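J.: Sharing start-v2.tsv below, TSV, C-alpha atoms:
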```tsv
chain	number	residue	atom	x	y	z
A	125	MET	CA	-16.24	46.95	-6.45
A	126	SER	CA	-17.07	43.88	-4.37
A	127	ASP	CA	-14.43	41.27	-3.50
A	128	ASN	CA	-16.38	38.66	-5.47
A	129	LEU	CA	-16.37	40.79	-8.62
A	130	ARG	CA	-12.72	41.77	-8.23
A	131	ARG	CA	-11.67	38.14	-7.76
A	132	TYR	CA	-13.78	36.94	-10.68
A	133	ARG	CA	-12.39	39.57	-13.08
A	134	ALA	CA	-8.80	38.83	-12.07
A	135	ILE	CA	-9.30	35.09	-12.65
A	136	ARG	CA	-11.13	35.62	-15.95
A	137	ASP	CA	-8.46	37.99	-17.28
A	138	ALA	CA	-5.70	35.55	-16.28
A	139	LEU	CA	-7.44	32.61	-17.98
A	140	ILE	CA	-7.91	34.58	-21.19
A	141	GLN	CA	-4.30	35.79	-21.12
A	142	TRP	CA	-2.90	32.27	-20.59
A	143	TYR	CA	-5.13	30.66	-23.21
A	144	PRO	CA	-3.24	29.81	-26.43
A	145	GLY	CA	-4.69	32.34	-28.85
A	146	GLN	CA	-7.72	34.54	-28.20
A	147	PRO	CA	-10.76	32.44	-27.25
A	148	THR	CA	-13.89	33.35	-29.24
A	149	GLY	CA	-17.49	32.20	-29.53
A	150	THR	CA	-18.44	29.09	-27.56
A	151	VAL	CA	-14.91	28.63	-26.24
A	152	ALA	CA	-14.90	32.17	-24.85
A	153	ARG	CA	-18.24	31.58	-23.10
A	154	HIS	CA	-17.00	28.33	-21.62
A	155	VAL	CA	-13.80	30.00	-20.39
A	156	THR	CA	-15.95	32.67	-18.73
A	157	THR	CA	-17.94	29.96	-16.94
A	158	LEU	CA	-14.70	28.28	-15.91
A	159	ALA	CA	-13.56	31.59	-14.40
A	160	ALA	CA	-16.85	31.85	-12.49
A	161	LEU	CA	-16.46	28.29	-11.19
A	162	ILE	CA	-12.90	28.89	-10.00
A	163	SER	CA	-13.81	32.22	-8.46
A	164	GLY	CA	-16.75	30.69	-6.62
A	165	ILE	CA	-14.64	27.83	-5.27
A	166	VAL	CA	-11.97	30.24	-4.02
A	167	GLY	CA	-14.53	32.62	-2.50
A	168	SER	CA	-16.66	29.96	-0.81
A	169	LYS	CA	-13.77	27.63	0.09
A	170	SER	CA	-16.06	24.83	-1.00
A	171	THR	CA	-16.72	22.66	-4.05
A	172	GLN	CA	-20.44	22.26	-3.34
A	173	LEU	CA	-22.22	24.06	-6.17
A	174	PRO	CA	-24.85	25.81	-3.99
A	175	SER	CA	-22.02	27.32	-1.92
A	176	VAL	CA	-19.93	28.12	-4.99
A	177	ALA	CA	-22.88	29.89	-6.64
A	178	THR	CA	-23.21	32.37	-3.77
A	179	LYS	CA	-19.78	33.81	-4.62
A	180	ILE	CA	-20.34	34.29	-8.36
A	181	PRO	CA	-21.15	37.95	-9.17
A	182	ASP	CA	-23.34	37.65	-12.28
A	183	GLY	CA	-26.61	39.23	-11.09
A	184	THR	CA	-28.74	36.08	-11.44
A	185	GLN	CA	-30.36	34.03	-8.70
A	186	PRO	CA	-28.13	31.40	-7.01
A	187	GLU	CA	-30.37	28.62	-8.37
A	188	SER	CA	-29.72	29.82	-11.91
A	189	ARG	CA	-25.98	29.88	-11.27
A	190	VAL	CA	-26.09	26.30	-10.00
A	191	LYS	CA	-27.89	25.21	-13.18
A	192	ARG	CA	-25.32	27.04	-15.31
A	193	LEU	CA	-22.41	25.34	-13.56
A	194	THR	CA	-24.14	21.95	-13.71
A	195	ARG	CA	-24.71	22.26	-17.46
A	196	TRP	CA	-21.05	23.21	-17.92
A	197	LEU	CA	-19.80	20.25	-15.88
A	198	ASP	CA	-22.12	17.83	-17.71
A	199	ASN	CA	-21.29	19.18	-21.16
A	200	GLU	CA	-19.45	16.49	-23.16
A	201	SER	CA	-17.69	19.17	-25.21
A	202	ILE	CA	-15.84	20.42	-22.12
A	203	LEU	CA	-12.65	18.52	-22.87
A	204	GLU	CA	-9.52	18.58	-20.73
A	205	GLU	CA	-7.43	19.14	-23.87
A	206	VAL	CA	-9.26	22.44	-24.47
A	207	TYR	CA	-10.09	23.84	-21.04
A	208	PHE	CA	-7.54	22.37	-18.61
A	209	LEU	CA	-4.31	21.17	-20.22
A	210	PRO	CA	-3.46	24.55	-21.87
A	211	TYR	CA	-3.29	26.08	-18.38
A	212	VAL	CA	-1.36	23.12	-17.00
A	213	GLU	CA	1.17	23.59	-19.80
A	214	SER	CA	1.54	27.31	-19.04
A	215	LEU	CA	1.97	26.62	-15.33
A	216	LEU	CA	4.57	23.91	-15.89
A	217	THR	CA	6.52	26.11	-18.29
A	218	GLN	CA	7.05	28.58	-15.44
A	219	LEU	CA	7.75	25.97	-12.75
A	220	ALA	CA	10.11	23.93	-14.94
A	221	LEU	CA	12.86	26.47	-14.30
A	222	GLU	CA	13.47	24.22	-11.28
A	223	THR	CA	12.85	20.51	-10.72
A	224	LEU	CA	9.19	19.59	-11.12
A	225	VAL	CA	8.04	17.46	-8.21
A	226	VAL	CA	4.93	15.52	-9.22
A	227	VAL	CA	2.83	13.61	-6.68
A	228	MET	CA	0.22	10.96	-7.46
A	229	ASP	CA	-2.40	9.91	-4.94
A	230	GLY	CA	-5.86	8.42	-4.77
A	231	SER	CA	-8.75	9.14	-2.44
A	232	ASP	CA	-12.45	8.46	-1.95
A	233	VAL	CA	-14.66	11.26	-3.26
A	234	GLY	CA	-18.08	9.99	-2.23
A	235	ARG	CA	-20.92	8.16	-3.95
A	236	GLY	CA	-18.78	5.07	-4.36
A	237	CYS	CA	-16.13	6.83	-6.46
A	238	LEU	CA	-12.34	7.06	-6.34
A	239	ALA	CA	-10.28	9.96	-7.65
A	240	LEU	CA	-6.76	9.38	-8.95
A	241	MET	CA	-4.88	12.69	-9.07
A	242	LEU	CA	-1.56	14.09	-10.20
A	243	HIS	CA	-0.26	17.25	-8.50
A	244	VAL	CA	2.77	19.48	-8.86
A	245	VAL	CA	4.33	20.70	-5.61
A	246	TYR	CA	4.72	24.48	-5.38
A	247	LYS	CA	5.67	26.32	-2.18
A	248	GLY	CA	4.42	23.50	0.01
A	249	ARG	CA	1.11	23.14	-1.84
A	250	ALA	CA	-0.03	20.35	-4.13
A	251	LEU	CA	-1.60	21.91	-7.24
A	252	PRO	CA	-3.83	19.44	-9.15
A	253	LEU	CA	-2.80	18.93	-12.76
A	254	ALA	CA	-4.79	15.93	-13.96
A	255	TRP	CA	-7.28	13.48	-12.51
A	256	ARG	CA	-9.53	10.56	-13.26
A	257	VAL	CA	-12.65	9.65	-11.29
A	258	ARG	CA	-13.94	6.09	-11.49
A	259	GLN	CA	-16.84	4.38	-9.80
A	260	SER	CA	-15.30	1.71	-7.69
A	261	PRO	CA	-15.37	0.35	-4.15
A	262	LYS	CA	-12.62	1.45	-1.82
A	263	GLY	CA	-9.20	0.27	-2.90
A	264	HIS	CA	-6.47	0.92	-5.41
A	265	CYS	CA	-6.79	1.95	-9.03
A	266	PRO	CA	-5.32	-0.41	-11.64
A	267	GLU	CA	-1.73	0.17	-12.71
A	268	GLU	CA	-2.90	0.74	-16.29
A	269	LEU	CA	-4.68	3.90	-15.08
A	270	HIS	CA	-1.54	5.10	-13.27
A	271	ILE	CA	0.40	4.73	-16.50
A	272	ALA	CA	-2.27	6.49	-18.59
A	273	MET	CA	-2.22	9.44	-16.19
A	274	VAL	CA	1.54	9.99	-16.28
A	275	LYS	CA	1.58	9.61	-20.07
A	276	LEU	CA	-1.14	12.26	-20.32
A	277	LEU	CA	0.79	14.67	-18.14
A	278	ASN	CA	4.01	13.99	-20.02
A	279	THR	CA	2.45	15.51	-23.15
A	280	VAL	CA	2.58	18.97	-21.51
A	281	ILE	CA	5.90	18.68	-19.66
A	282	PRO	CA	8.34	21.24	-21.13
A	283	THR	CA	11.19	19.75	-23.14
A	284	GLY	CA	14.28	19.28	-21.01
A	285	ALA	CA	12.46	19.64	-17.68
A	286	LYS	CA	13.66	17.52	-14.79
A	287	VAL	CA	10.74	15.66	-13.21
A	288	VAL	CA	10.66	13.70	-9.95
A	289	PHE	CA	7.59	11.51	-9.36
A	290	LEU	CA	6.52	10.70	-5.79
A	291	GLY	CA	3.98	8.09	-4.80
A	292	ASP	CA	2.93	5.89	-1.92
A	293	GLY	CA	2.94	2.10	-1.94
A	294	GLU	CA	0.07	1.91	-4.42
A	295	PHE	CA	2.34	3.34	-7.09
A	296	ASP	CA	5.34	1.00	-6.94
A	297	GLY	CA	4.28	-1.24	-9.85
A	298	THR	CA	7.18	-2.27	-12.04
A	299	ALA	CA	5.30	-1.38	-15.24
A	300	LEU	CA	4.78	2.16	-13.90
A	301	GLN	CA	8.42	2.38	-12.86
A	302	ASP	CA	9.49	1.34	-16.35
A	303	THR	CA	7.15	3.90	-17.92
A	304	LEU	CA	8.62	6.67	-15.77
A	305	ARG	CA	12.15	5.58	-16.68
A	306	THR	CA	11.30	5.53	-20.39
A	307	MET	CA	9.87	9.06	-20.18
A	308	GLY	CA	13.05	10.28	-18.51
A	309	TRP	CA	11.42	10.95	-15.13
A	310	SER	CA	13.05	10.19	-11.81
A	311	TYR	CA	10.92	8.64	-9.09
A	312	VAL	CA	10.82	7.80	-5.39
A	313	CYS	CA	7.94	5.55	-4.33
A	314	ARG	CA	7.16	3.80	-1.11
A	315	THR	CA	6.84	0.05	-1.28
A	316	ALA	CA	5.66	-2.74	0.99
A	317	MET	CA	7.83	-4.46	3.56
A	318	SER	CA	6.85	-7.73	1.87
A	319	THR	CA	8.45	-6.68	-1.44
A	320	THR	CA	10.97	-9.25	-2.66
A	321	VAL	CA	14.45	-7.90	-3.45
A	322	THR	CA	17.39	-9.57	-5.15
A	323	TRP	CA	20.75	-7.98	-4.40
A	324	ALA	CA	24.32	-9.27	-4.48
A	325	GLY	CA	23.05	-12.72	-5.40
A	326	GLU	CA	20.65	-12.97	-2.44
A	327	THR	CA	16.84	-12.82	-2.50
A	328	PHE	CA	14.94	-11.65	0.58
A	329	ARG	CA	11.96	-9.61	1.79
A	330	LEU	CA	12.48	-5.95	2.61
A	331	ASP	CA	11.43	-6.40	6.22
A	332	THR	CA	14.70	-8.35	6.59
A	333	LEU	CA	16.45	-5.00	6.27
A	334	GLY	CA	14.00	-3.35	8.66
A	335	ALA	CA	14.95	-5.83	11.34
A	336	CYS	CA	18.55	-4.53	11.08
A	337	LEU	CA	17.64	-0.89	11.65
A	338	ARG	CA	17.13	1.43	14.55
A	339	PRO	CA	15.59	4.95	14.41
A	340	GLY	CA	17.71	7.49	12.54
A	341	ARG	CA	19.44	4.92	10.31
A	342	LEU	CA	19.31	4.17	6.61
A	343	ILE	CA	20.21	1.20	4.41
A	344	GLU	CA	20.81	1.82	0.71
A	345	LEU	CA	20.95	-0.97	-1.87
A	346	LYS	CA	22.12	-0.02	-5.34
A	347	GLU	CA	21.85	-2.27	-8.39
A	348	ALA	CA	18.93	-4.12	-6.80
A	349	TYR	CA	16.10	-6.02	-8.49
A	350	VAL	CA	12.56	-6.11	-7.10
A	351	THR	CA	9.58	-8.48	-7.19
A	352	ARG	CA	9.52	-11.92	-8.76
A	353	GLU	CA	9.88	-10.19	-12.13
A	354	ALA	CA	13.35	-9.05	-11.00
A	355	TYR	CA	12.77	-5.52	-12.27
A	356	GLY	CA	15.87	-3.35	-12.19
A	357	PRO	CA	18.52	-2.41	-11.59
A	358	ILE	CA	17.17	0.27	-9.27
A	359	MET	CA	17.94	1.64	-5.81
A	360	VAL	CA	16.11	0.25	-2.79
A	361	LEU	CA	16.04	2.18	0.48
A	362	CYS	CA	15.09	1.20	4.00
A	363	CYS	CA	15.11	4.13	6.41
A	364	TRP	CA	13.77	4.64	9.90
A	365	VAL	CA	12.98	8.30	10.50
A	366	LYS	CA	13.11	9.33	14.12
A	367	GLY	CA	9.58	9.79	15.44
A	368	TYR	CA	8.15	7.07	13.19
A	369	GLN	CA	7.00	3.76	14.65
A	370	GLU	CA	8.59	1.62	11.93
A	371	PRO	CA	10.94	1.84	8.94
A	372	LEU	CA	9.95	3.18	5.52
A	373	TYR	CA	10.75	1.20	2.39
A	374	MET	CA	11.27	2.92	-0.96
A	375	VAL	CA	12.26	2.22	-4.56
A	376	SER	CA	13.95	4.85	-6.72
A	377	ASN	CA	15.97	5.44	-9.87
A	378	LEU	CA	17.74	8.50	-8.47
A	379	ALA	CA	21.51	8.43	-8.18
A	380	THR	CA	21.87	8.74	-4.40
A	381	ALA	CA	20.00	7.92	-1.23
A	382	GLU	CA	20.48	11.48	0.01
A	383	GLU	CA	18.66	12.87	-3.02
A	384	ALA	CA	15.81	10.36	-2.69
A	385	CYS	CA	15.33	11.08	1.01
A	386	ARG	CA	15.39	14.83	0.39
A	387	PHE	CA	12.29	14.48	-1.76
A	388	ARG	CA	10.49	11.98	0.50
A	389	GLN	CA	11.14	13.09	4.06
A	390	PRO	CA	8.98	15.53	6.06
A	391	LYS	CA	10.04	19.17	5.93
A	392	THR	CA	11.31	19.08	9.50
A	393	LEU	CA	13.82	16.40	8.53
A	394	ARG	CA	14.90	17.62	5.11
A	395	ARG	CA	17.97	19.36	6.47
A	396	ARG	CA	19.33	16.11	7.85
A	397	ARG	CA	22.20	14.79	5.75
A	398	TRP	CA	21.24	11.15	5.55
A	399	VAL	CA	24.68	10.26	4.24
A	400	ASP	CA	26.02	11.15	7.66
A	401	VAL	CA	23.92	8.48	9.35
A	402	GLY	CA	23.38	6.07	6.46
A	403	ILE	CA	24.70	2.67	5.57
A	404	ALA	CA	25.51	2.00	1.94
A	405	MET	CA	25.32	-1.78	1.82
A	406	THR	CA	28.23	-3.32	-0.09
A	407	GLU	CA	28.26	-6.81	1.46
A	408	PRO	CA	25.65	-9.59	1.77
A	409	ILE	CA	22.82	-8.81	4.15
A	410	GLY	CA	22.96	-10.08	7.66
A	411	CYS	CA	21.84	-8.87	11.08
A	412	GLN	CA	24.18	-8.73	14.00
A	413	ALA	CA	22.89	-9.99	17.31
```
Let me see the file written as C-alpha cells.
T.:
Amino acid sequence: MSDNLRRYRAIRDALIQWYPGQPTGTVARHVTTLAALISGIVGSKSTQLPSVATKIPDGTQPESRVKRLTRWLDNESILEEVYFLPYVESLLTQLALETLVVVMDGSDVGRGCLALMLHVVYKGRALPLAWRVRQSPKGHCPEELHIAMVKLLNTVIPTGAKVVFLGDGEFDGTALQDTLRTMGWSYVCRTAMSTTVTWAGETFRLDTLGACLRPGRLIELKEAYVTREAYGPIMVLCCWVKGYQEPLYMVSNLATAEEACRFRQPKTLRRRRWVDVGIAMTEPIGCQA
C-alpha cells in the first residue's frame, strides 16, 4: 500500500469516526473529498491545488482531481457548521482537559485578500479553528469581525473550559475585550505605546512607563482604565524582555502579571519568574533621574 493511500485512508476513517452520527449520501461524499484535500495538503506540504492533487490516490488524472477539489471549494453547500465545526468541537473537547490557549492573527493571503484566523495552541503548534477571508488592502480587519469570530468559536467551546485569548496590538479593542470578558474568557493582548491609561487618579500614555524601565524589568498596574473610553478595570503591563529592543505593552484580565507573562513570553523565557524581577506599582507614576 502506498504512503498516499495509507495516509488518505487514515484521515478518512478519522473524519468519519469524529463526525456526529454516520454521514450518508451527499454528506458522506463531501467528507470523502475533505479527506482527500487534507491528505493531499499533508502529502504535498502545499495548498496549491495542482500540487495537492498529485498526492491524492483516487486513480484519476491530476487535472480531474483539481476540478473535483475546485468544485468542492466553490460549492455553496459546503458550510463550516457541517464540515468544519464538528471537528473543531471534537478537538476542543479533548484539549479542554487543560487550559485552551487561543490565538488570533491576520495575514495577507494574496490577490488583495486578508485572512483573519483563530488557532488553538497544541504542543507548540497553532492549529487553525476558524477563519474569515475578506478582500481588502493591507491593514487591519474591523473590530466587529474580531468579535464575530470569537463568538463563533465560543459556540463549540466545551462547557466549563478555561480559555485564554492571545492577540497582538490589532486585537486590543475595548469592545473585543468586553466580549471576551462576557464570554468568561481570559485574555492577554499587546497594545500600543500610545494607549492612554488612567490609574490611581492619573492619566498618561503607556510609553511613560516604558521610559522608567530597563531590560529584564516589569511594571504591573492593576485596576487600570484604558483609552478615552476609560474601559476597565483591567491589568496593564509594561515589560522589557532581555534581548528585545524596546518594552512590550499589554492589557489583560488575568489575576497576576506572572500568569499573563507566562502566556505571552517566548518559550526560552517562560521559566523566568517575573515576580522576582517585577514592580507592582502601588504609588503614582514617576521616573527617577
J.: Considering all atoms listed in the file, return as a ChimeraX atom specification whatever protein or nucleic-acid residues lie within 6 Å of stretch 344-355 of chain A, sequence-local ones (same chain, fewer than 3 positions apart) excluded.
T.: /A:320-323,358-361,404-405
J.: Just C-alpha atoms for this one: save the residues we selected as a short mmCIF file (atom, residue, chain, number, x, y, z; two decimals), in the coordinates of the input.
T.:
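Final output, result-v5.cif:
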```cif
data_model
loop_
_atom_site.label_atom_id
_atom_site.label_comp_id
_atom_site.auth_asym_id
_atom_site.auth_seq_id
_atom_site.Cartn_x
_atom_site.Cartn_y
_atom_site.Cartn_z
CA THR A 320 10.97 -9.25 -2.66
CA VAL A 321 14.45 -7.90 -3.45
CA THR A 322 17.39 -9.57 -5.15
CA TRP A 323 20.75 -7.98 -4.40
CA ILE A 358 17.17 0.27 -9.27
CA MET A 359 17.94 1.64 -5.81
CA VAL A 360 16.11 0.25 -2.79
CA LEU A 361 16.04 2.18 0.48
CA ALA A 404 25.51 2.00 1.94
CA MET A 405 25.32 -1.78 1.82
#
```
J.: Pull the neighbourhood of (12.3, 7.7, -20.7) for me: all residues within 12 Å in file coordinates, counting only C-alpha atoms, as a VMD selection string.
T.: chain A and resid 274 to 275 278 284 286 to 287 300 to 311 377
J.: What does the distance between atom CA of A:Ala299 and atom CA of A:His270 come to in Å, to one decimal place?
T.: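 According to the coordinates, atom CA of A:Ala299 and atom CA of A:His270 are separated by 9.6 Å.
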J.: Would you compute the distance between atom CA of A:Tyr373 and atom CA of A:Thr298? Give it in Å to one decimal.
T.: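 Atom CA of A:Thr298 lies at a distance of 15.3 Å from atom CA of A:Tyr373.
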J.: One decimal, Å: what's the distance from atom CA of A:Ile180 over to atom CA of A:Asn128, could you say?
T.: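 One can read the atom CA of A:Ile180 to atom CA of A:Asn128 distance as 6.6 Å.
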J.: Just want the 10 Å neighbourhood of A:Pro186, counted on all atoms listed in the file, with same-chain residues fewer than 4 positions away dropped. Output as a PyMOL selection string.
T.: chain A and resi 173-182+190-192
J.: Find the residue from A:Asp232, A:Gly167, A:Asp331, A:Val225 that sits nearest to A:Gly248; use only C-alpha atoms when measuring.
T.: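 Among the listed residues, A:Val225 lies closest to A:Gly248.
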